[in-house]
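Trainee: One structure follows; several queries about it will come next.
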Amino acid sequence: MSTELLEPPTSVSPASQIEIDRSRGDFVYPEQHEFDAGTGLSHATIDYIVDVKKEPDWIREFRHKALDTFLAKPMPTHWASKDLENIVFQNIRYYLANAKRPTRSWEDVPDDVKKTFERLGIPEQERKFLAGVEAQFDSEAVYSNIKAAVADQGVIFTGSTEGLIKHPELFKKWFGKVIPTGDNKFSALNSAVFSGGSFIYIPPGVKVRHPLQAYFRINAENFGQFERTLIIADEGSEVMYMEGCTAPKFETATLHSAVVELVAMKGAKIQYVTVQNWSNNVFNLVTKRAIAHEEAEVKWIDCNIGSRLTMKYPGVVLKGRKARGEVISIALAGDGQHQDTGAKMIHAADETTSNIVSKSISLGSGRSTYRGLVHIPKHLKGCKNNTECDALLINPTSRTDTYPAITVRGTGNSSQHEASVSQISEEQIFYMMSRGLTEAQAMSLSVNGFVNDLVRQFPMEYSVELKRLIDLEMEGSVG
Amino acid sequence: MSNTLEPVATQATESVFTAGPDFASHPEAFRASQSAAWETFSSLPMPRRTDETWRFTDTRKLSLDGFVRAEAVTDAEQASLLLRSKGLGKTSGRMVFANDRLLVCEMHGEDLRAKGVLWLPLEQAIAEHPELIARYFMQEKTVLGSAKFAALHASQVRAGMVLVVPKGVEISLPVETFHWLSGENASVFPHTLIVAGENSKFTVVDHFASAGETTGLAIGVNDIVAGAGSKVTYVAIQDWSRSATAFHLNATTVARDASSLALRLNLGGAFVRDEAVSRLRGPGGRSDMLSVTTALGSQIFDQRTLQVHEAPNAASDLLYKNALNDTARTVFTGLIRVDEGAHKTDAYQKVRNLVLSEEAEANSAPGLEIEADDVRCTHGATSGALDEDEIFYFQSRGIPRRVAQQLVTFGFLSEVFERIPDADLAAHLSDCLHGKLG
């Protein structure tokens, strides 16, 4: 048990403690964008983006086609939240950027942007141990650096535009292949207006010892962020990638719609860690998928705390024999939030295994949803899936849903799914209070205990951060 | 929907798709509801694959084209069907229908009427007890996707059993109903309506079967209204021809302290769609939803369930077991919904698939929607093959692989029958299953 829980309760009221937490990302600097595609989306918007970014014609064509797909596709409201209808695409600004290329030295970053990220703690993190950091401010990366030692090993860590222009031989092959433009309405939108994000290539056999890290921040009101990430881990390589997201709280809703593609070649290992803490008026509609080749391992560690509505189902296509996919998901849905998260596991080769562990906490009027898809088609042998999803409900108005879908063919495979919904045990709380904890402390400890085995899988500084976030969210929910 | 506009020779062979309501000898008031149901049927579209309630189902193959109203069976066939209507050894009463016409309605032993029990063919209930029909007949909305087919049923229905058991009455032996489907492309619309008065207790068994290996259509509705403190056991043994298309739609409401236990044994049919909804309306209520399915050949079993906890302190427990062989397919989508304020709910849902062949496919989607916080809800879904260790053990004792597989499959499925309180009924279910696996 942590000693700080035994300290006397502070005089700060629970409500204001939540404000303290939110304020960490809730600050905004005056906008000074040199490039602004204006509000609304049309083929002209796309030409504007392509011209500013000086992209080759094939990307222009790719974007225009994607826009047509986006416009043609209906909103998936026949199964998803009706809240999607509240997104007004014509009120969103699709591209905002300064003319400067990403700077390599922290000193060159403009002062206000630097202040933003200093408040988010990027340079400190990097100084400590991170191998490379890229920070994205609205549409474009403002700062990117990669430690010399990692760059010397041939690791490429760059922005999406730069990746496609400078290393087409590496990235063009997989770009849009794991998640085709038409996969869903929002992947099509991203394909049309994507900007920023990370393109990473790890050469064969290279094991990147420290995590690569990216921060995404929305600074401008009504702005939609559409970053695009592609990570290719070549044969036998290993990499861990971490991303964090924040935004200030604006009066109007903001849209974040990313596409993240991972390719793990034979024997490669990719871990992708997300801590999403968007302010709670952000629509966070993200498509994330990986292809795992023979004996490769892909692990998504996904934590959703912020946003108004998150829809995100990280997936792994297990394409090679003995490939392994894993999704570890933690969702915390507070007042007015809907965390619609889950996982997809497509088994496409023999002896592939997948594991999904999802834990969600709903408090106040929050709603958390697990949506899963496990597909084991015929003629495969020795495929195994294990799915566990547990939901914790804190208040009488909290809500949770679970919608798994499992298809198994043939005799050589097995799948098991278990889910439970429960609430915090009153006896536990009573016991802890009898030992001198306040009710809020006892609740926090109980909730932390509920997710503890998953939180431990996060890198150290993230798990500490997560515990703190959960503590703070819980403080206001008691009574 | 493709309306067949072929000229129709006689009323009797008209497509059920174009014929309009079957007024039979129903009274005027009921005819109005049939006409309304026909309107609903005609206005609703056929299910589409993008409908969430039809996920996993190949709806393109679903068609009502060509099915005609069943004609009365010949005297000779009547006699043979009556002989084949063998169910339990001891019952309180038996009704036999063939092509939606009543052949027999006989009481054994107990005088149900003396106890105030209403046990009637549907047609008679419609004629003699309109207030009862107005109050209980298909009062719950069809929410799991087959609203169109439920409306067709309502517009065509003429055969079935109505059982209304008054307060405090217990019927010691089960009442049984047989529904036979005979003739190429014939269609039947069997109906079962069970109304359990306060603290009553009884068992109902429905048998559904085809006279021969012909194609046909059956759209059945079985509704259970379990009054306060009642204990209702309902068993349906479905053995339609392996070429038949069947829908069995259920709505169960469970009042305070009542308990309903329903089990479906699915043996026949080419495409069988089962929809079961249990609504827990009162505290202390309990609903057990059980199913055993053997899916062989190219059979498709499409099962959809919903457990709605409208009241606090109620329990529901679902267990569906499927054994799949050959190129068979099963679909299970279930949902536990706990409404706001339904605290202390205890809900469970489990589907288990035993996949015995390379081409068989099991789809499971057990869901939860919880809007109350003080609940205990769990669900599970498993799919897997036979345990090779178990087969090996049998073989080491000299039992051939084929027999071992049958025994393990039988053991896997028949476990569900242990939940039936009536030992004779459980044994009868085992016999029916054994006949299919043998």
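Residues in the structure tokens are numbered from 1 in each chain, the chains being A, B, ... in the order shown, and ligands are numbered from 1 in the order shown.
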If we count only C-alpha atoms, which residues of chain B reach to within 8 Å of chain A? Please list them as a VMD selection string.

Mentor: chain B and resid 51 to 52 340 to 341 355 to 386

Trainee: Tell me, as number ranges by chain, which residues lie within 7 Å of region 281-295 of chain B, counting only C-alpha atoms; anything in the same chain fewer than 3 positions away does not count.

Mentor: B: 253-267, 278, 299, 310-325, 328, 413

Trainee: Restricting the output to N, CA and C atoms, write the selected residues as a CSV table (one decimal), in the first residue's frame.

Mentor:
chain,number,residue,atom,x,y,z
B,253,THR,N,-42.7,-13.2,-19.8
B,253,THR,CA,-42.6,-12.2,-18.7
B,253,THR,C,-42.7,-12.8,-17.4
B,254,VAL,N,-41.9,-12.4,-16.5
B,254,VAL,CA,-41.8,-13.0,-15.2
B,254,VAL,C,-42.1,-12.0,-14.1
B,255,ALA,N,-43.2,-12.3,-13.4
B,255,ALA,CA,-43.6,-11.4,-12.3
B,255,ALA,C,-42.9,-11.7,-11.0
B,256,ARG,N,-43.2,-10.9,-10.0
B,256,ARG,CA,-42.6,-11.1,-8.7
B,256,ARG,C,-42.5,-12.5,-8.2
B,257,ASP,N,-41.3,-12.9,-7.8
B,257,ASP,CA,-41.1,-14.3,-7.2
B,257,ASP,C,-41.5,-15.4,-8.1
B,258,ALA,N,-41.8,-15.1,-9.4
B,258,ALA,CA,-42.2,-16.2,-10.3
B,258,ALA,C,-40.9,-16.8,-10.9
B,259,SER,N,-41.0,-18.0,-11.4
B,259,SER,CA,-39.8,-18.6,-12.1
B,259,SER,C,-40.2,-19.3,-13.3
B,260,SER,N,-39.5,-19.0,-14.4
B,260,SER,CA,-39.8,-19.7,-15.6
B,260,SER,C,-38.6,-20.4,-16.1
B,261,LEU,N,-38.8,-21.7,-16.5
B,261,LEU,CA,-37.6,-22.4,-17.0
B,261,LEU,C,-38.0,-22.9,-18.4
B,262,ALA,N,-37.3,-22.5,-19.4
B,262,ALA,CA,-37.7,-22.9,-20.8
B,262,ALA,C,-36.5,-23.6,-21.4
B,263,LEU,N,-36.7,-24.7,-22.1
B,263,LEU,CA,-35.6,-25.4,-22.7
B,263,LEU,C,-36.1,-25.7,-24.1
B,264,ARG,N,-35.2,-25.5,-25.1
B,264,ARG,CA,-35.5,-25.8,-26.5
B,264,ARG,C,-34.5,-26.9,-26.9
B,265,LEU,N,-35.0,-28.0,-27.4
B,265,LEU,CA,-34.1,-29.0,-28.0
B,265,LEU,C,-34.3,-28.9,-29.5
B,266,ASN,N,-33.2,-28.5,-30.2
B,266,ASN,CA,-33.2,-28.3,-31.6
B,266,ASN,C,-32.6,-29.4,-32.3
B,267,LEU,N,-33.4,-30.1,-33.1
B,267,LEU,CA,-32.8,-31.3,-33.8
B,267,LEU,C,-33.0,-31.1,-35.3
B,278,SER,N,-36.7,-12.8,-22.4
B,278,SER,CA,-37.3,-12.9,-21.0
B,278,SER,C,-37.2,-11.6,-20.4
B,299,GLN,N,-27.2,-27.8,-41.8
B,299,GLN,CA,-28.2,-27.1,-41.0
B,299,GLN,C,-27.7,-25.7,-40.5
B,310,GLU,N,-36.0,-5.6,-15.8
B,310,GLU,CA,-36.7,-4.4,-15.6
B,310,GLU,C,-36.9,-4.1,-14.1
B,311,ALA,N,-36.8,-5.1,-13.3
B,311,ALA,CA,-37.0,-5.0,-11.8
B,311,ALA,C,-35.8,-5.4,-11.1
B,312,PRO,N,-35.6,-4.8,-9.9
B,312,PRO,CA,-34.4,-5.2,-9.1
B,312,PRO,C,-34.6,-6.6,-8.5
B,313,ASN,N,-33.5,-7.2,-8.0
B,313,ASN,CA,-33.5,-8.5,-7.3
B,313,ASN,C,-34.0,-9.6,-8.1
B,314,ALA,N,-33.8,-9.6,-9.4
B,314,ALA,CA,-34.3,-10.8,-10.2
B,314,ALA,C,-33.1,-11.5,-10.7
B,315,ALA,N,-33.3,-12.7,-11.2
B,315,ALA,CA,-32.2,-13.5,-11.7
B,315,ALA,C,-32.5,-14.1,-13.0
B,316,SER,N,-31.5,-14.1,-13.9
B,316,SER,CA,-31.7,-14.9,-15.2
B,316,SER,C,-30.5,-15.6,-15.5
B,317,ASP,N,-30.7,-16.8,-16.0
B,317,ASP,CA,-29.5,-17.7,-16.3
B,317,ASP,C,-29.7,-18.4,-17.6
B,318,LEU,N,-28.9,-18.1,-18.5
B,318,LEU,CA,-29.0,-18.7,-19.9
B,318,LEU,C,-27.8,-19.6,-20.1
B,319,LEU,N,-28.2,-20.8,-20.7
B,319,LEU,CA,-27.1,-21.8,-21.1
B,319,LEU,C,-27.5,-22.4,-22.4
B,320,TYR,N,-26.8,-22.1,-23.5
B,320,TYR,CA,-27.0,-22.6,-24.8
B,320,TYR,C,-25.8,-23.5,-25.2
B,321,LYS,N,-26.1,-24.7,-25.5
B,321,LYS,CA,-25.0,-25.6,-26.0
B,321,LYS,C,-25.3,-26.1,-27.4
B,322,ASN,N,-24.3,-26.0,-28.2
B,322,ASN,CA,-24.4,-26.5,-29.6
B,322,ASN,C,-23.3,-27.5,-29.9
B,323,ALA,N,-23.6,-28.6,-30.6
B,323,ALA,CA,-22.6,-29.5,-31.1
B,323,ALA,C,-22.7,-29.4,-32.6
B,324,LEU,N,-21.6,-29.0,-33.3
B,324,LEU,CA,-21.7,-28.8,-34.7
B,324,LEU,C,-20.9,-29.8,-35.5
B,325,ASN,N,-21.5,-30.3,-36.6
B,325,ASN,CA,-20.7,-31.3,-37.4
B,325,ASN,C,-20.9,-30.9,-38.8
B,328,ALA,N,-22.3,-27.5,-40.8
B,328,ALA,CA,-23.4,-26.8,-40.1
B,328,ALA,C,-22.8,-25.5,-39.6
B,413,LEU,N,-23.9,-32.3,-24.3
B,413,LEU,CA,-25.2,-31.7,-24.5
B,413,LEU,C,-26.2,-32.0,-23.4

Trainee: With a distance cut-off of 9 Å and only C-alpha atoms, select the neighbouring residues of Gly220 (chain B), excluding the residue or stretch itself and same-chain residues fewer than 5 positions from it, and output the selection as a ChimeraX atom specification.

Mentor: /B:150,153,157,188-192,246-250

Trainee: Would you mind listing what lies within 6 Å of region 253-259 of chain A as a ChimeraX atom specification, with only C-alpha atoms counted and same-chain residues fewer than 6 positions away left out?

Mentor: /A:222-228,281-288

Trainee: Taking into account only C-alpha atoms, which residue in the set A:Asp335, A:Glu297, A:Glu465, A:Glu169 is nearest to Val263 (chain A)?

Mentor: A:Glu297

Trainee: Find the residue from A:Lys467, A:Arg60, A:Leu84, A:Ile232 that sits nearest to Leu309 (chain A); use only C-alpha atoms when measuring.

Mentor: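 Closest to Leu309 (chain A), using only C-alpha atoms: A:Leu84.
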
Trainee: Output as a ChimeraX atom specification all residues of region 320-413 of chain B that backbone DSSP marks as strand (DSSP E or B).

Mentor: /B:320-324,329-338,345-355,361-370,375-384

Trainee: Store the residues picked out above, limited to N, CA and C atoms, as a short mmCIF file (atom, residue, chain, number, x, y, z; two decimals), in the first residue's frame.

Mentor:
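Listing of part_37.cif after writing:
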data_model
loop_
_atom_site.label_atom_id
_atom_site.label_comp_id
_atom_site.auth_asym_id
_atom_site.auth_seq_id
_atom_site.Cartn_x
_atom_site.Cartn_y
_atom_site.Cartn_z
N TYR B 320 -26.77 -22.09 -23.46
CA TYR B 320 -27.03 -22.64 -24.78
C TYR B 320 -25.84 -23.51 -25.17
N LYS B 321 -26.12 -24.73 -25.54
CA LYS B 321 -25.04 -25.61 -25.96
C LYS B 321 -25.29 -26.12 -27.37
N ASN B 322 -24.27 -26.05 -28.20
CA ASN B 322 -24.37 -26.49 -29.58
C ASN B 322 -23.27 -27.50 -29.89
N ALA B 323 -23.64 -28.58 -30.56
CA ALA B 323 -22.63 -29.49 -31.11
C ALA B 323 -22.75 -29.39 -32.62
N LEU B 324 -21.64 -29.04 -33.29
CA LEU B 324 -21.68 -28.79 -34.73
C LEU B 324 -20.87 -29.82 -35.48
N ARG B 329 -23.76 -24.56 -39.36
CA ARG B 329 -23.42 -23.24 -38.83
C ARG B 329 -24.36 -22.92 -37.69
N THR B 330 -23.81 -22.33 -36.66
CA THR B 330 -24.68 -21.81 -35.60
C THR B 330 -24.35 -20.34 -35.37
N VAL B 331 -25.38 -19.62 -35.01
CA VAL B 331 -25.21 -18.22 -34.64
C VAL B 331 -25.87 -18.05 -33.28
N PHE B 332 -25.15 -17.49 -32.36
CA PHE B 332 -25.79 -17.11 -31.10
C PHE B 332 -25.47 -15.65 -30.85
N THR B 333 -26.50 -14.82 -30.76
CA THR B 333 -26.26 -13.49 -30.23
C THR B 333 -27.23 -13.28 -29.09
N GLY B 334 -26.69 -12.93 -27.97
CA GLY B 334 -27.51 -12.76 -26.77
C GLY B 334 -27.19 -11.45 -26.12
N LEU B 335 -28.16 -10.93 -25.42
CA LEU B 335 -27.91 -9.67 -24.72
C LEU B 335 -28.57 -9.73 -23.35
N ILE B 336 -27.80 -9.32 -22.35
CA ILE B 336 -28.39 -9.10 -21.03
C ILE B 336 -28.54 -7.59 -20.89
N ARG B 337 -29.76 -7.15 -20.69
CA ARG B 337 -29.94 -5.71 -20.48
C ARG B 337 -30.47 -5.46 -19.08
N VAL B 338 -29.74 -4.66 -18.34
CA VAL B 338 -30.16 -4.32 -16.99
C VAL B 338 -30.60 -2.87 -17.00
N THR B 345 -29.39 -7.25 -9.51
CA THR B 345 -29.65 -8.19 -10.59
C THR B 345 -28.55 -9.24 -10.59
N ASP B 346 -28.94 -10.47 -10.85
CA ASP B 346 -27.97 -11.53 -10.99
C ASP B 346 -28.23 -12.19 -12.34
N ALA B 347 -27.42 -11.87 -13.32
CA ALA B 347 -27.69 -12.37 -14.67
C ALA B 347 -26.49 -13.13 -15.20
N TYR B 348 -26.77 -14.22 -15.86
CA TYR B 348 -25.70 -15.06 -16.38
C TYR B 348 -26.06 -15.51 -17.78
N GLN B 349 -25.04 -15.67 -18.60
CA GLN B 349 -25.29 -16.04 -19.99
C GLN B 349 -24.09 -16.83 -20.46
N LYS B 350 -24.34 -18.02 -20.94
CA LYS B 350 -23.20 -18.82 -21.39
C LYS B 350 -23.56 -19.58 -22.65
N VAL B 351 -22.71 -19.50 -23.65
CA VAL B 351 -22.89 -20.31 -24.84
C VAL B 351 -21.64 -21.14 -25.05
N ARG B 352 -21.86 -22.44 -25.29
CA ARG B 352 -20.70 -23.32 -25.49
C ARG B 352 -20.88 -24.09 -26.79
N ASN B 353 -19.86 -24.04 -27.63
CA ASN B 353 -19.91 -24.71 -28.92
C ASN B 353 -18.89 -25.82 -28.97
N LEU B 354 -19.35 -26.99 -29.37
CA LEU B 354 -18.43 -28.10 -29.60
C LEU B 354 -18.35 -28.28 -31.11
N VAL B 355 -17.18 -27.99 -31.67
CA VAL B 355 -17.03 -28.03 -33.13
C VAL B 355 -16.39 -29.36 -33.51
N GLU B 361 -19.09 -24.07 -38.45
CA GLU B 361 -18.75 -22.72 -38.01
C GLU B 361 -19.68 -22.25 -36.90
N ALA B 362 -19.08 -21.81 -35.81
CA ALA B 362 -19.86 -21.32 -34.67
C ALA B 362 -19.60 -19.84 -34.48
N ASN B 363 -20.68 -19.07 -34.45
CA ASN B 363 -20.56 -17.64 -34.22
C ASN B 363 -21.20 -17.31 -32.89
N SER B 364 -20.51 -16.59 -32.05
CA SER B 364 -21.09 -16.24 -30.76
C SER B 364 -20.90 -14.76 -30.50
N ALA B 365 -21.94 -14.14 -30.04
CA ALA B 365 -21.84 -12.74 -29.66
C ALA B 365 -22.69 -12.49 -28.42
N PRO B 366 -22.15 -12.84 -27.26
CA PRO B 366 -22.88 -12.60 -26.02
C PRO B 366 -22.66 -11.16 -25.59
N GLY B 367 -23.71 -10.42 -25.33
CA GLY B 367 -23.56 -8.99 -25.02
C GLY B 367 -24.16 -8.61 -23.68
N LEU B 368 -23.69 -7.49 -23.18
CA LEU B 368 -24.21 -6.95 -21.92
C LEU B 368 -24.49 -5.46 -22.11
N GLU B 369 -25.62 -5.01 -21.57
CA GLU B 369 -25.88 -3.58 -21.50
C GLU B 369 -26.38 -3.29 -20.10
N ILE B 370 -25.57 -2.62 -19.32
CA ILE B 370 -25.87 -2.48 -17.90
C ILE B 370 -26.06 -1.02 -17.53
N VAL B 375 -24.93 -4.77 -9.49
CA VAL B 375 -25.37 -5.97 -10.20
C VAL B 375 -24.25 -7.00 -10.25
N ARG B 376 -24.63 -8.21 -10.54
CA ARG B 376 -23.64 -9.23 -10.81
C ARG B 376 -24.01 -9.84 -12.16
N CYS B 377 -23.29 -9.50 -13.18
CA CYS B 377 -23.60 -10.00 -14.52
C CYS B 377 -22.34 -10.61 -15.10
N THR B 378 -22.45 -11.81 -15.58
CA THR B 378 -21.30 -12.40 -16.23
C THR B 378 -21.77 -13.12 -17.47
N HIS B 379 -20.90 -13.23 -18.43
CA HIS B 379 -21.23 -14.07 -19.57
C HIS B 379 -19.97 -14.74 -20.08
N GLY B 380 -20.18 -15.80 -20.80
CA GLY B 380 -19.03 -16.51 -21.31
C GLY B 380 -19.40 -17.16 -22.62
N ALA B 381 -18.41 -17.35 -23.47
CA ALA B 381 -18.62 -18.05 -24.73
C ALA B 381 -17.38 -18.87 -24.99
N THR B 382 -17.57 -20.13 -25.28
CA THR B 382 -16.40 -20.93 -25.62
C THR B 382 -16.69 -21.69 -26.90
N SER B 383 -15.66 -21.93 -27.67
CA SER B 383 -15.76 -22.77 -28.85
C SER B 383 -14.53 -23.64 -28.86
N GLY B 384 -14.74 -24.89 -29.07
CA GLY B 384 -13.57 -25.75 -29.10
C GLY B 384 -13.92 -27.11 -29.66
#

Trainee: At what distance in Å, to one decimal, does CA of Val221 (chain B) lie from CA of Gln139 (chain B)?

Mentor: 11.7 Å
